[in-house]
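Structure file model09.txt; described as compact mmCIF, C-alpha atoms and all ligand atoms.
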# COMPACT_ATOMS: atom_id res chain seq x y z
CA MET F 1 6.68 1.35 -25.09
CA THR F 2 10.23 1.96 -23.83
CA ASP F 3 11.89 -1.14 -22.42
CA ARG F 4 12.84 -0.08 -18.91
CA SER F 5 13.38 -3.57 -17.58
CA ASN F 6 17.16 -3.61 -17.23
CA LEU F 7 18.65 -0.18 -16.66
CA GLY F 8 21.47 -1.39 -14.40
CA PRO F 9 22.25 -1.69 -10.69
CA GLY F 10 20.79 0.61 -8.07
CA VAL F 11 18.10 1.93 -10.37
CA GLY F 12 14.88 2.95 -8.66
CA ILE F 13 11.69 4.59 -9.84
CA ILE F 14 13.24 8.04 -10.33
CA ASP F 15 15.91 6.84 -12.79
CA LYS F 16 13.43 4.54 -14.48
CA TYR F 17 10.62 7.06 -14.96
CA ARG F 18 12.40 10.40 -14.67
CA ASP F 19 10.62 11.80 -17.75
CA TYR F 20 7.35 11.53 -15.78
CA ILE F 21 8.67 13.02 -12.52
CA PRO F 22 9.24 16.80 -12.62
CA LEU F 23 12.27 16.85 -10.28
CA ALA F 24 14.98 19.42 -11.08
CA LYS F 25 17.45 17.97 -13.61
CA ASP F 26 20.35 18.22 -11.17
CA ALA F 27 18.42 16.70 -8.25
CA ARG F 28 20.21 13.54 -7.15
CA ALA F 29 18.05 10.48 -6.58
CA VAL F 30 18.08 9.25 -2.99
CA SER F 31 17.15 5.70 -3.85
CA LEU F 32 17.11 2.15 -2.50
CA ALA F 33 16.31 0.71 -5.94
CA GLU F 34 12.63 0.65 -4.99
CA GLY F 35 9.82 -0.34 -7.35
CA ASN F 36 9.85 -3.01 -10.05
CA THR F 37 7.67 -5.18 -7.82
CA PRO F 38 6.14 -8.35 -9.26
CA LEU F 39 2.63 -8.77 -10.60
CA ILE F 40 1.77 -12.23 -9.32
CA PRO F 41 -1.14 -14.28 -10.74
CA LEU F 42 -3.50 -15.48 -8.00
CA GLU F 43 -4.61 -18.67 -9.70
CA ARG F 44 -5.81 -20.58 -6.68
CA ILE F 45 -7.97 -17.74 -5.40
CA ALA F 46 -9.30 -17.18 -8.93
CA ARG F 47 -10.26 -20.86 -9.05
CA ARG F 48 -12.28 -20.40 -5.86
CA LEU F 49 -14.12 -17.69 -7.77
CA ASP F 50 -14.85 -20.20 -10.58
CA ASN F 51 -12.25 -18.42 -12.74
CA LYS F 52 -14.72 -15.62 -13.38
CA VAL F 53 -11.81 -13.15 -13.44
CA ARG F 54 -8.08 -13.15 -14.07
CA LEU F 55 -6.63 -12.06 -10.76
CA TYR F 56 -3.22 -10.53 -10.02
CA ALA F 57 -1.47 -9.17 -6.94
CA LYS F 58 0.92 -6.25 -7.32
CA PHE F 59 3.11 -7.17 -4.34
CA GLU F 60 4.29 -3.82 -3.06
CA GLY F 61 5.45 -5.47 0.15
CA LEU F 62 8.60 -6.36 -1.78
CA ASN F 63 9.84 -2.77 -1.77
CA PRO F 64 13.01 -2.09 0.27
CA THR F 65 11.26 -1.16 3.52
CA GLY F 66 8.38 -3.55 2.89
CA SER F 67 5.68 -1.22 1.58
CA PHE F 68 4.61 0.97 -1.34
CA LYS F 69 5.60 4.05 0.65
CA ASP F 70 9.16 3.73 -0.70
CA ARG F 71 8.04 4.89 -4.14
CA GLY F 72 6.78 8.16 -2.76
CA MET F 73 9.54 8.58 -0.22
CA THR F 74 12.41 8.33 -2.72
CA VAL F 75 10.93 11.30 -4.59
CA ALA F 76 9.91 13.34 -1.53
CA VAL F 77 13.31 12.92 0.13
CA SER F 78 15.22 13.52 -3.12
CA HIS F 79 13.33 16.76 -3.58
CA ALA F 80 13.80 17.79 0.04
CA ALA F 81 17.54 17.06 -0.23
CA SER F 82 17.82 19.08 -3.44
CA GLU F 83 16.28 22.03 -1.58
CA GLY F 84 18.79 21.65 1.23
CA ALA F 85 16.32 20.40 3.85
CA ARG F 86 17.83 19.33 7.17
CA ALA F 87 15.00 17.23 8.53
CA VAL F 88 11.78 15.53 7.52
CA VAL F 89 8.67 14.84 9.58
CA CYS F 90 5.54 12.74 9.18
CA ALA F 91 2.55 11.44 11.09
CA SER F 92 2.11 7.77 10.41
CA THR F 93 0.24 4.58 11.06
CA GLY F 94 3.66 2.97 10.58
CA ASN F 95 4.74 2.37 7.01
CA THR F 96 5.30 6.01 6.13
CA SER F 97 7.48 6.38 9.21
CA ALA F 98 9.57 3.33 8.27
CA ALA F 99 10.13 4.62 4.74
CA ALA F 100 10.78 8.20 5.86
CA ALA F 101 13.33 7.01 8.41
CA ALA F 102 15.17 4.85 5.88
CA TYR F 103 15.38 7.43 3.10
CA ALA F 104 16.16 10.31 5.45
CA GLY F 105 18.98 8.25 6.91
CA ARG F 106 20.35 7.59 3.44
CA ALA F 107 20.17 11.31 2.63
CA GLY F 108 21.90 12.25 5.89
CA MET F 109 18.83 14.07 7.20
CA ASP F 110 17.10 13.90 10.56
CA CYS F 111 13.70 12.25 10.70
CA PHE F 112 10.87 12.83 13.16
CA VAL F 113 7.80 10.63 13.21
CA LEU F 114 4.51 10.93 15.10
CA ILE F 115 2.75 7.65 15.70
CA PRO F 116 -0.45 6.73 17.57
CA GLU F 117 0.56 5.15 20.87
CA GLY F 118 -0.02 1.40 20.94
CA LYS F 119 -1.57 1.29 17.48
CA ILE F 120 1.41 0.67 15.25
CA ALA F 121 2.56 -2.77 14.12
CA LEU F 122 5.74 -4.02 15.77
CA GLY F 123 7.87 -4.34 12.63
CA LYS F 124 7.16 -0.76 11.57
CA LEU F 125 8.16 0.59 14.95
CA ALA F 126 11.37 -1.47 14.85
CA GLN F 127 12.18 -0.04 11.42
CA ALA F 128 11.68 3.59 12.39
CA MET F 129 13.84 3.08 15.46
CA MET F 130 16.64 1.19 13.67
CA HIS F 131 16.81 3.70 10.82
CA GLY F 132 17.44 6.36 13.42
CA ALA F 133 14.22 8.35 13.47
CA LYS F 134 13.18 10.25 16.56
CA VAL F 135 9.90 8.52 17.36
CA VAL F 136 7.24 10.55 19.15
CA GLN F 137 4.19 8.60 20.29
CA ILE F 138 1.05 10.66 20.71
CA ARG F 139 -1.94 9.89 22.91
CA GLY F 140 -4.19 10.18 19.93
CA ASN F 141 -4.80 8.71 16.49
CA PHE F 142 -3.24 9.27 13.07
CA ASP F 143 -5.66 12.06 12.13
CA GLU F 144 -4.72 14.06 15.23
CA GLY F 145 -1.04 13.46 14.47
CA LEU F 146 -1.39 14.73 10.92
CA ASP F 147 -3.20 17.87 12.13
CA ILE F 148 -0.16 18.66 14.28
CA VAL F 149 2.35 17.81 11.54
CA ARG F 150 0.62 20.20 9.12
CA GLN F 151 1.47 23.10 11.46
CA LEU F 152 4.97 21.94 12.45
CA PRO F 153 6.93 23.77 9.71
CA ASP F 154 5.73 27.02 11.36
CA HIS F 155 7.52 25.94 14.53
CA ALA F 156 10.61 24.00 13.38
CA PRO F 157 12.76 23.70 10.19
CA VAL F 158 11.24 20.43 8.97
CA THR F 159 9.86 19.24 5.64
CA ILE F 160 6.59 17.25 5.72
CA VAL F 161 6.79 13.92 3.90
CA ASN F 162 3.21 12.77 4.39
CA SER F 163 1.29 12.31 1.14
CA ILE F 164 0.04 15.91 1.38
CA ASN F 165 3.55 16.51 -0.04
CA PRO F 166 2.82 16.27 -3.80
CA TRP F 167 6.23 14.68 -4.53
CA ARG F 168 5.00 11.56 -2.77
CA LEU F 169 2.25 11.07 -5.32
CA HIS F 170 4.67 11.56 -8.23
CA GLY F 171 6.58 8.59 -6.90
CA GLN F 172 3.62 6.39 -6.06
CA LYS F 173 2.01 6.82 -9.49
CA THR F 174 4.90 4.79 -10.99
CA ALA F 175 3.29 1.56 -9.75
CA ALA F 176 0.53 2.13 -12.33
CA PHE F 177 3.23 2.53 -15.00
CA GLU F 178 4.71 -0.83 -14.06
CA ILE F 179 1.34 -2.58 -14.23
CA ILE F 180 0.80 -1.24 -17.76
CA ASP F 181 4.37 -2.18 -18.74
CA VAL F 182 3.81 -5.77 -17.61
CA LEU F 183 0.20 -6.35 -18.74
CA GLY F 184 0.65 -4.34 -21.94
CA LYS F 185 -2.53 -2.50 -20.94
CA ALA F 186 -4.33 -1.30 -17.84
CA PRO F 187 -6.41 -3.87 -15.93
CA ASP F 188 -10.20 -3.60 -16.03
CA TYR F 189 -10.36 -3.12 -12.26
CA GLN F 190 -7.72 -1.99 -9.83
CA CYS F 191 -8.61 -2.80 -6.24
CA MET F 192 -6.79 -1.39 -3.23
CA PRO F 193 -6.93 -0.41 0.43
CA VAL F 194 -7.67 3.24 1.13
CA GLY F 195 -6.58 5.02 4.29
CA ASN F 196 -5.28 8.54 3.92
CA ALA F 197 -6.16 8.25 0.20
CA GLY F 198 -2.84 9.33 -1.28
CA ASN F 199 -2.22 6.04 -3.04
CA ILE F 200 -5.52 5.73 -4.91
CA THR F 201 -5.06 9.33 -6.04
CA ALA F 202 -1.51 8.55 -7.22
CA TYR F 203 -2.51 5.43 -9.16
CA TRP F 204 -5.33 7.24 -10.93
CA LYS F 205 -2.92 10.02 -11.86
CA GLY F 206 -0.41 7.40 -13.05
CA TYR F 207 -2.84 5.57 -15.30
CA ARG F 208 -3.98 8.80 -16.93
CA GLU F 209 -0.44 10.07 -17.50
CA TYR F 210 0.90 6.79 -18.90
CA LEU F 211 -2.02 6.07 -21.22
CA PRO F 212 -2.21 8.93 -23.69
CA GLU F 213 -5.54 10.78 -23.90
CA PRO F 214 -6.96 8.84 -26.88
CA MET F 215 -6.60 5.69 -24.78
CA HIS F 216 -8.56 6.94 -21.81
CA TYR F 217 -11.34 4.52 -22.71
CA ALA F 218 -8.91 1.81 -21.50
CA LEU F 219 -8.51 3.21 -17.98
CA PRO F 220 -9.31 0.85 -15.11
CA LYS F 221 -12.21 1.20 -12.71
CA MET F 222 -10.67 2.27 -9.39
CA VAL F 223 -12.08 0.36 -6.44
CA GLY F 224 -11.18 1.43 -2.90
CA TYR F 225 -11.77 -0.75 0.15
CA GLN F 226 -11.92 0.56 3.69
CA ALA F 227 -12.18 -1.24 7.01
CA ALA F 228 -15.80 -1.18 8.23
CA GLY F 229 -14.79 0.67 11.40
CA ALA F 230 -12.73 3.23 9.50
CA ALA F 231 -14.69 3.89 6.33
CA PRO F 232 -15.13 7.65 5.89
CA LEU F 233 -15.11 7.49 2.09
CA VAL F 234 -17.79 4.80 2.12
CA HIS F 235 -20.01 6.89 4.42
CA GLY F 236 -19.21 10.20 2.75
CA HIS F 237 -18.10 11.90 5.97
CA PRO F 238 -15.15 11.75 8.39
CA VAL F 239 -15.14 9.17 11.20
CA ASP F 240 -14.15 10.43 14.66
CA SER F 241 -12.82 7.27 16.29
CA PRO F 242 -11.69 4.89 13.54
CA GLU F 243 -11.09 1.28 14.68
CA THR F 244 -9.79 -1.75 12.81
CA VAL F 245 -7.33 -4.59 13.17
CA ALA F 246 -5.74 -3.20 10.00
CA THR F 247 -3.87 -0.45 11.86
CA ALA F 248 -2.24 0.85 8.65
CA ILE F 249 -5.64 2.14 7.51
CA ARG F 250 -7.03 3.15 10.91
CA ILE F 251 -7.74 6.61 9.52
CA GLY F 252 -10.95 8.62 9.85
CA LYS F 253 -10.15 11.85 8.03
CA PRO F 254 -8.30 11.09 4.76
CA ALA F 255 -6.14 14.02 3.69
CA THR F 256 -6.56 13.44 -0.04
CA TRP F 257 -10.35 13.12 0.15
CA ASP F 258 -11.15 14.82 -3.18
CA GLY F 259 -8.47 12.89 -5.07
CA ALA F 260 -9.96 9.61 -3.90
CA VAL F 261 -13.55 10.62 -4.62
CA ASN F 262 -12.60 11.80 -8.11
CA ALA F 263 -10.67 8.61 -8.86
CA ALA F 264 -13.66 6.44 -8.00
CA LYS F 265 -16.19 8.72 -9.72
CA ASP F 266 -14.25 9.47 -12.91
CA SER F 267 -13.31 5.82 -13.40
CA GLU F 268 -16.80 4.49 -12.56
CA GLY F 269 -15.35 2.67 -9.60
CA TRP F 270 -16.54 2.66 -5.98
CA PHE F 271 -15.69 2.44 -2.28
CA SER F 272 -16.91 -0.35 -0.09
CA PRO F 273 -16.29 -1.62 3.45
CA GLN F 274 -14.84 -4.90 4.66
CA THR F 275 -15.14 -6.30 8.18
CA ASP F 276 -12.05 -7.13 10.22
CA ASP F 277 -13.07 -10.80 9.98
CA ALA F 278 -13.11 -10.70 6.19
CA ILE F 279 -9.76 -8.88 6.17
CA LEU F 280 -8.07 -11.50 8.36
CA LYS F 281 -9.64 -14.36 6.41
CA ALA F 282 -8.28 -12.94 3.15
CA GLN F 283 -4.87 -12.38 4.75
CA LYS F 284 -4.75 -16.03 5.75
CA MET F 285 -5.97 -17.18 2.33
CA LEU F 286 -3.29 -15.18 0.50
CA ALA F 287 -0.60 -16.55 2.78
CA LYS F 288 -1.75 -20.16 2.77
CA CYS F 289 -3.07 -20.61 -0.77
CA GLU F 290 -0.86 -18.24 -2.73
CA GLY F 291 2.35 -17.93 -0.70
CA ILE F 292 1.94 -14.19 -0.31
CA PHE F 293 2.26 -12.89 3.24
CA CYS F 294 0.91 -9.37 3.49
CA GLU F 295 -0.21 -7.21 6.35
CA PRO F 296 -3.94 -7.00 7.22
CA ALA F 297 -4.55 -3.64 5.49
CA SER F 298 -3.20 -5.05 2.24
CA ALA F 299 -5.40 -8.14 2.35
CA ILE F 300 -8.49 -5.95 2.19
CA SER F 301 -7.96 -5.74 -1.61
CA VAL F 302 -8.48 -9.47 -1.90
CA ALA F 303 -11.33 -9.57 0.65
CA GLY F 304 -13.12 -6.91 -1.36
CA VAL F 305 -12.55 -8.57 -4.71
CA ILE F 306 -13.88 -11.89 -3.43
CA GLU F 307 -17.10 -10.14 -2.36
CA ASP F 308 -17.43 -8.03 -5.49
CA VAL F 309 -16.82 -10.92 -7.92
CA ARG F 310 -19.38 -13.04 -6.07
CA ASN F 311 -21.99 -10.27 -6.05
CA GLY F 312 -21.39 -9.44 -9.71
CA ARG F 313 -20.18 -5.88 -9.17
CA ILE F 314 -16.89 -6.90 -10.85
CA ALA F 315 -17.79 -8.16 -14.33
CA GLU F 316 -16.95 -11.68 -15.48
CA GLY F 317 -13.98 -12.05 -17.81
CA SER F 318 -12.13 -9.05 -16.34
CA ASP F 319 -8.48 -8.52 -15.50
CA VAL F 320 -8.36 -7.52 -11.84
CA VAL F 321 -5.26 -6.21 -10.08
CA CYS F 322 -5.16 -6.16 -6.27
CA ILE F 323 -2.60 -3.82 -4.77
CA VAL F 324 -0.93 -5.68 -1.93
CA THR F 325 0.57 -2.68 -0.22
CA GLY F 326 2.67 -4.00 2.65
CA HIS F 327 4.57 -7.10 3.80
CA GLY F 328 3.15 -9.46 6.43
CA LEU F 329 6.36 -9.34 8.48
CA LYS F 330 5.42 -5.79 9.41
CA ASP F 331 2.80 -7.10 11.82
CA PRO F 332 3.91 -10.39 13.40
CA ASP F 333 1.60 -9.98 16.42
CA THR F 334 -1.59 -10.07 14.35
CA ALA F 335 -0.28 -13.00 12.32
CA ILE F 336 0.59 -15.09 15.36
CA ALA F 337 -2.62 -14.23 17.20
CA GLN F 338 -4.78 -15.63 14.39
CA SER F 339 -2.72 -18.76 13.73
CA GLU F 340 -2.65 -22.20 15.27
CA GLN F 341 0.09 -22.18 17.89
CA PRO F 342 3.08 -24.52 17.48
CA GLU F 343 2.85 -27.89 19.19
CA THR F 344 5.73 -28.93 21.45
CA VAL F 345 6.72 -32.61 21.51
CA ASP F 346 9.68 -34.68 22.67
CA ALA F 347 12.71 -34.85 20.38
CA THR F 348 12.00 -38.42 19.30
CA MET F 349 10.88 -39.96 15.99
CA ASP F 350 7.75 -41.36 17.64
CA SER F 351 6.56 -38.02 18.97
CA VAL F 352 7.39 -36.10 15.78
CA SER F 353 5.91 -38.60 13.34
CA GLY F 354 2.93 -38.96 15.65
CA ALA F 355 2.33 -35.22 15.55
CA ILE F 356 2.63 -35.17 11.75
CA LEU F 357 0.30 -38.12 11.21
CA ALA F 358 -2.27 -36.68 13.61
CA ALA F 359 -2.16 -33.35 11.76
CA MET F 360 -2.58 -35.09 8.38
CA GLU F 361 -5.60 -36.94 9.74
CA ARG F 362 -7.19 -33.68 10.93
CA ALA F 363 -6.60 -31.94 7.57
C1 LIG F 401 0.02 -1.22 4.09
O1 LIG F 401 1.98 4.77 6.96
O2 LIG F 401 -1.08 6.10 6.18
O3 LIG F 401 -4.69 5.48 1.29
O4 LIG F 401 1.03 6.53 7.78
O5 LIG F 401 0.45 1.30 5.27
O6 LIG F 401 -2.39 6.16 0.59
O7 LIG F 401 -3.04 6.20 3.00
C2 LIG F 401 -0.28 3.97 5.60
C3 LIG F 401 -1.26 3.63 4.72
C4 LIG F 401 -2.57 0.90 2.60
C5 LIG F 401 -3.30 3.23 2.76
N1 LIG F 401 -1.78 -0.14 2.90
O8 LIG F 401 -2.73 4.06 1.79
C6 LIG F 401 1.02 5.54 7.04
C7 LIG F 401 -0.20 5.26 6.24
C8 LIG F 401 -0.79 -0.01 3.80
C9 LIG F 401 -0.55 1.22 4.40
C10 LIG F 401 -2.38 2.14 3.17
C11 LIG F 401 -1.38 2.32 4.10
P1 LIG F 401 -3.23 5.56 1.64

Since I need it in another form, could you write the structure as structure tokens?
Ligand code: AN7
Amino acid sequence: MTDRSNLGPGVGIIDKYRDYIPLAKDARAVSLAEGNTPLIPLERIARRLDNKVRLYAKFEGLNPTGSFKDRGMTVAVSHAASEGARAVVCASTGNTSAAAAAYAGRAGMDCFVLIPEGKIALGKLAQAMMHGAKVVQIRGNFDEGLDIVRQLPDHAPVTIVNSINPWRLHGQKTAAFEIIDVLGKAPDYQCMPVGNAGNITAYWKGYREYLPEPMHYALPKMVGYQAAGAAPLVHGHPVDSPETVATAIRIGKPATWDGAVNAAKDSEGWFSPQTDDAILKAQKMLAKCEGIFCEPASAISVAGVIEDVRNGRIAEGSDVVCIVTGHGLKDPDTAIAQSEQPETVDATMDSVSGAILAAMERA
């Protein structure tokens, strides 16, 4: 395998994996040196599962705008720029809009984002605004926003950068390349949140492209988790009014439906639901026991794996990679709401040591 570990400063996924990304040769990479995220062993959570599996988190929250969307956006915006596009547009539950705004800004393009009013995490909104996007809130959900965005190029000179833009998937598949580069093989199971279903489709494509055909026996089983209130792929039909605390995946009509279904079917994987309670519990566990602060949608990977190792659906002795798609700082409101609130005491040794000793006694 080519050693791509140290190509120099400013190198992102396009420079690193250009031979796998069919951009025009003279297309300049609009990059924030995204990708190259760590694969972190989750030893303490594995221990809670009696070490039945070797567990890893691919922490995609460490990308430049805090989510995996940067991998797709660097390619989509580079391609749009090479075609002379003036503006990009997307509907978003938040992370796509943050990434689109950042990369469009870097490319000198305008960016328009449609978000569901009141249902986007605070950090994501702050990002889109700071990076200079024109933010349009709609009285509706993500699915309704995407339906409008699909038609927008007929009405205005804008390029769509949702994952229905195939360049996005060319970028996102590179995360699978990195996992193989680091593990020296594919994992046995790859477990991830599924919303609009672009990412699971991209990973599956990535594994198949990076492992040559004779090695297809070594492909991972692709496991997709959806929030119980927004689980169209679990039910096999769209959901009209998706609801979940994990606003990133509050999606009822995934655009890349067939890609997701094929990934699960062809790999002998599956889709299953997780309750909001299980999602928040896993989010807390990752933060407290492993030092990894992710947003609720991302924690569903770990919630699902805990259930599926316990019920035997994930075989003992396996290598399991959880895709941790977005950073916890994206959604401070949900984090604070589920945590013990800070205690206020007088600025004296007695009050402070008293508070510490009382807390140690409770623990
Ligand atoms: C943290 O930003 O759809 O199944 O508009 O932000 O490829 O949609 C975000 C999705 C998982 C689901 N984890 O990925 C958007 C958006 C996080 C996310 C997903 C999203 P897909």

Near-stretch 157-168 of chain F list (9 Å; only C-alpha atoms; drop same-chain fewer than 2 positions) as number ranges by chain: F: 21-23, 69, 71-77, 79-80, 85-92, 96, 100, 110-112, 146, 149-150, 152-155, 170-173, 196-199, 202, 255-256

Once you count all atoms listed in the file, what closest atom pair and distance in Å to one decimal does each residue of chain F within 8 Å of ligand LIG 401 (chain F) have, with rows by chain and rising residue number, as JSON lines?
{"residue": "F:Gly61", "atom": "CA", "partner": "F:LIG401", "partner_atom": "C1", "distance": 7.9}
{"residue": "F:Ser67", "atom": "CA", "partner": "F:LIG401", "partner_atom": "C1", "distance": 6.2}
{"residue": "F:Phe68", "atom": "CA", "partner": "F:LIG401", "partner_atom": "C1", "distance": 7.4}
{"residue": "F:Lys69", "atom": "CA", "partner": "F:LIG401", "partner_atom": "O1", "distance": 7.3}
{"residue": "F:Cys90", "atom": "CA", "partner": "F:LIG401", "partner_atom": "O4", "distance": 7.8}
{"residue": "F:Ala91", "atom": "CA", "partner": "F:LIG401", "partner_atom": "O4", "distance": 6.1}
{"residue": "F:Ser92", "atom": "CA", "partner": "F:LIG401", "partner_atom": "O4", "distance": 3.1}
{"residue": "F:Thr93", "atom": "CA", "partner": "F:LIG401", "partner_atom": "O4", "distance": 3.9}
{"residue": "F:Gly94", "atom": "CA", "partner": "F:LIG401", "partner_atom": "O1", "distance": 4.4}
{"residue": "F:Asn95", "atom": "CA", "partner": "F:LIG401", "partner_atom": "O1", "distance": 3.7}
{"residue": "F:Thr96", "atom": "CA", "partner": "F:LIG401", "partner_atom": "O1", "distance": 3.6}
{"residue": "F:Ser97", "atom": "CA", "partner": "F:LIG401", "partner_atom": "O1", "distance": 6.2}
{"residue": "F:Ala98", "atom": "CA", "partner": "F:LIG401", "partner_atom": "O1", "distance": 7.8}
{"residue": "F:Phe142", "atom": "CA", "partner": "F:LIG401", "partner_atom": "O4", "distance": 7.3}
{"residue": "F:Asn162", "atom": "CA", "partner": "F:LIG401", "partner_atom": "O4", "distance": 7.4}
{"residue": "F:Ser163", "atom": "CA", "partner": "F:LIG401", "partner_atom": "O6", "distance": 7.2}
{"residue": "F:Met192", "atom": "CA", "partner": "F:LIG401", "partner_atom": "C4", "distance": 7.6}
{"residue": "F:Pro193", "atom": "CA", "partner": "F:LIG401", "partner_atom": "C4", "distance": 5.0}
{"residue": "F:Val194", "atom": "CA", "partner": "F:LIG401", "partner_atom": "O3", "distance": 3.7}
{"residue": "F:Gly195", "atom": "CA", "partner": "F:LIG401", "partner_atom": "O3", "distance": 3.6}
{"residue": "F:Asn196", "atom": "CA", "partner": "F:LIG401", "partner_atom": "O7", "distance": 3.4}
{"residue": "F:Ala197", "atom": "CA", "partner": "F:LIG401", "partner_atom": "O3", "distance": 3.3}
{"residue": "F:Gly198", "atom": "CA", "partner": "F:LIG401", "partner_atom": "O6", "distance": 3.7}
{"residue": "F:Asn199", "atom": "CA", "partner": "F:LIG401", "partner_atom": "O6", "distance": 3.6}
{"residue": "F:Ile200", "atom": "CA", "partner": "F:LIG401", "partner_atom": "O3", "distance": 6.3}
{"residue": "F:Thr201", "atom": "CA", "partner": "F:LIG401", "partner_atom": "O6", "distance": 7.8}
{"residue": "F:Ala248", "atom": "CA", "partner": "F:LIG401", "partner_atom": "O5", "distance": 4.3}
{"residue": "F:Ile249", "atom": "CA", "partner": "F:LIG401", "partner_atom": "C3", "distance": 5.4}
{"residue": "F:Ile251", "atom": "CA", "partner": "F:LIG401", "partner_atom": "O2", "distance": 7.5}
{"residue": "F:Pro254", "atom": "CA", "partner": "F:LIG401", "partner_atom": "O7", "distance": 7.4}
{"residue": "F:Glu295", "atom": "CA", "partner": "F:LIG401", "partner_atom": "C1", "distance": 6.4}
{"residue": "F:Pro296", "atom": "CA", "partner": "F:LIG401", "partner_atom": "C1", "distance": 7.7}
{"residue": "F:Ala297", "atom": "CA", "partner": "F:LIG401", "partner_atom": "N1", "distance": 5.2}
{"residue": "F:Ser298", "atom": "CA", "partner": "F:LIG401", "partner_atom": "N1", "distance": 5.2}
{"residue": "F:Val324", "atom": "CA", "partner": "F:LIG401", "partner_atom": "N1", "distance": 7.4}
{"residue": "F:Thr325", "atom": "CA", "partner": "F:LIG401", "partner_atom": "C1", "distance": 4.6}
{"residue": "F:Gly326", "atom": "CA", "partner": "F:LIG401", "partner_atom": "C1", "distance": 4.1}
{"residue": "F:His327", "atom": "CA", "partner": "F:LIG401", "partner_atom": "C1", "distance": 7.4}

Taking 4 positions as the minimum chain separation for residues in the same chain, which residues sit within 12 Å of F:Ala278 when counting only C-alpha atoms? Answer as a list in words. Tyr225, Gln226, Ala227, Ala228, Thr244, Val245, Ala246, Pro273, Gln274, Ala282, Gln283, Lys284, Met285, Pro296, Ala297, Ala299, Ile300, Ser301, Val302, Ala303, Gly304, Val305, Ile306 and Glu307 of chain F

Just need the box for stretch 238-249 of chain F, edges along x, y and z, holding every atom the file lists for it with 6 Å tacked onto each side, so centre and edge lengths in Å to one decimal, as lines of an AutoDock Vina configuration file.
center_x = -8.7
center_y = 3.6
center_z = 11.9
size_x = 24.9
size_y = 28.3
size_z = 20.8

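Reported to one decimal place, the separation of atom CA of F:Arg310 from atom CA of F:Arg48 is 10.2 Å.
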
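Put simply, atom CA of F:Val320 is 28.1 Å away from atom CA of F:His237.
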
Excluding F:Ala81 and residues on its chain fewer than 6 positions from it, collect all residues at most 9 Å away from it, counting all atoms listed in the file, and give them as number ranges by chain. F: 27-28, 30, 104, 107-109

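Considering the residues F:Arg47, F:Gly140, F:Ile279, F:Ser78 and counting all atoms listed in the file, F:Ile13 has its shortest atom-to-atom contact with F:Ser78.
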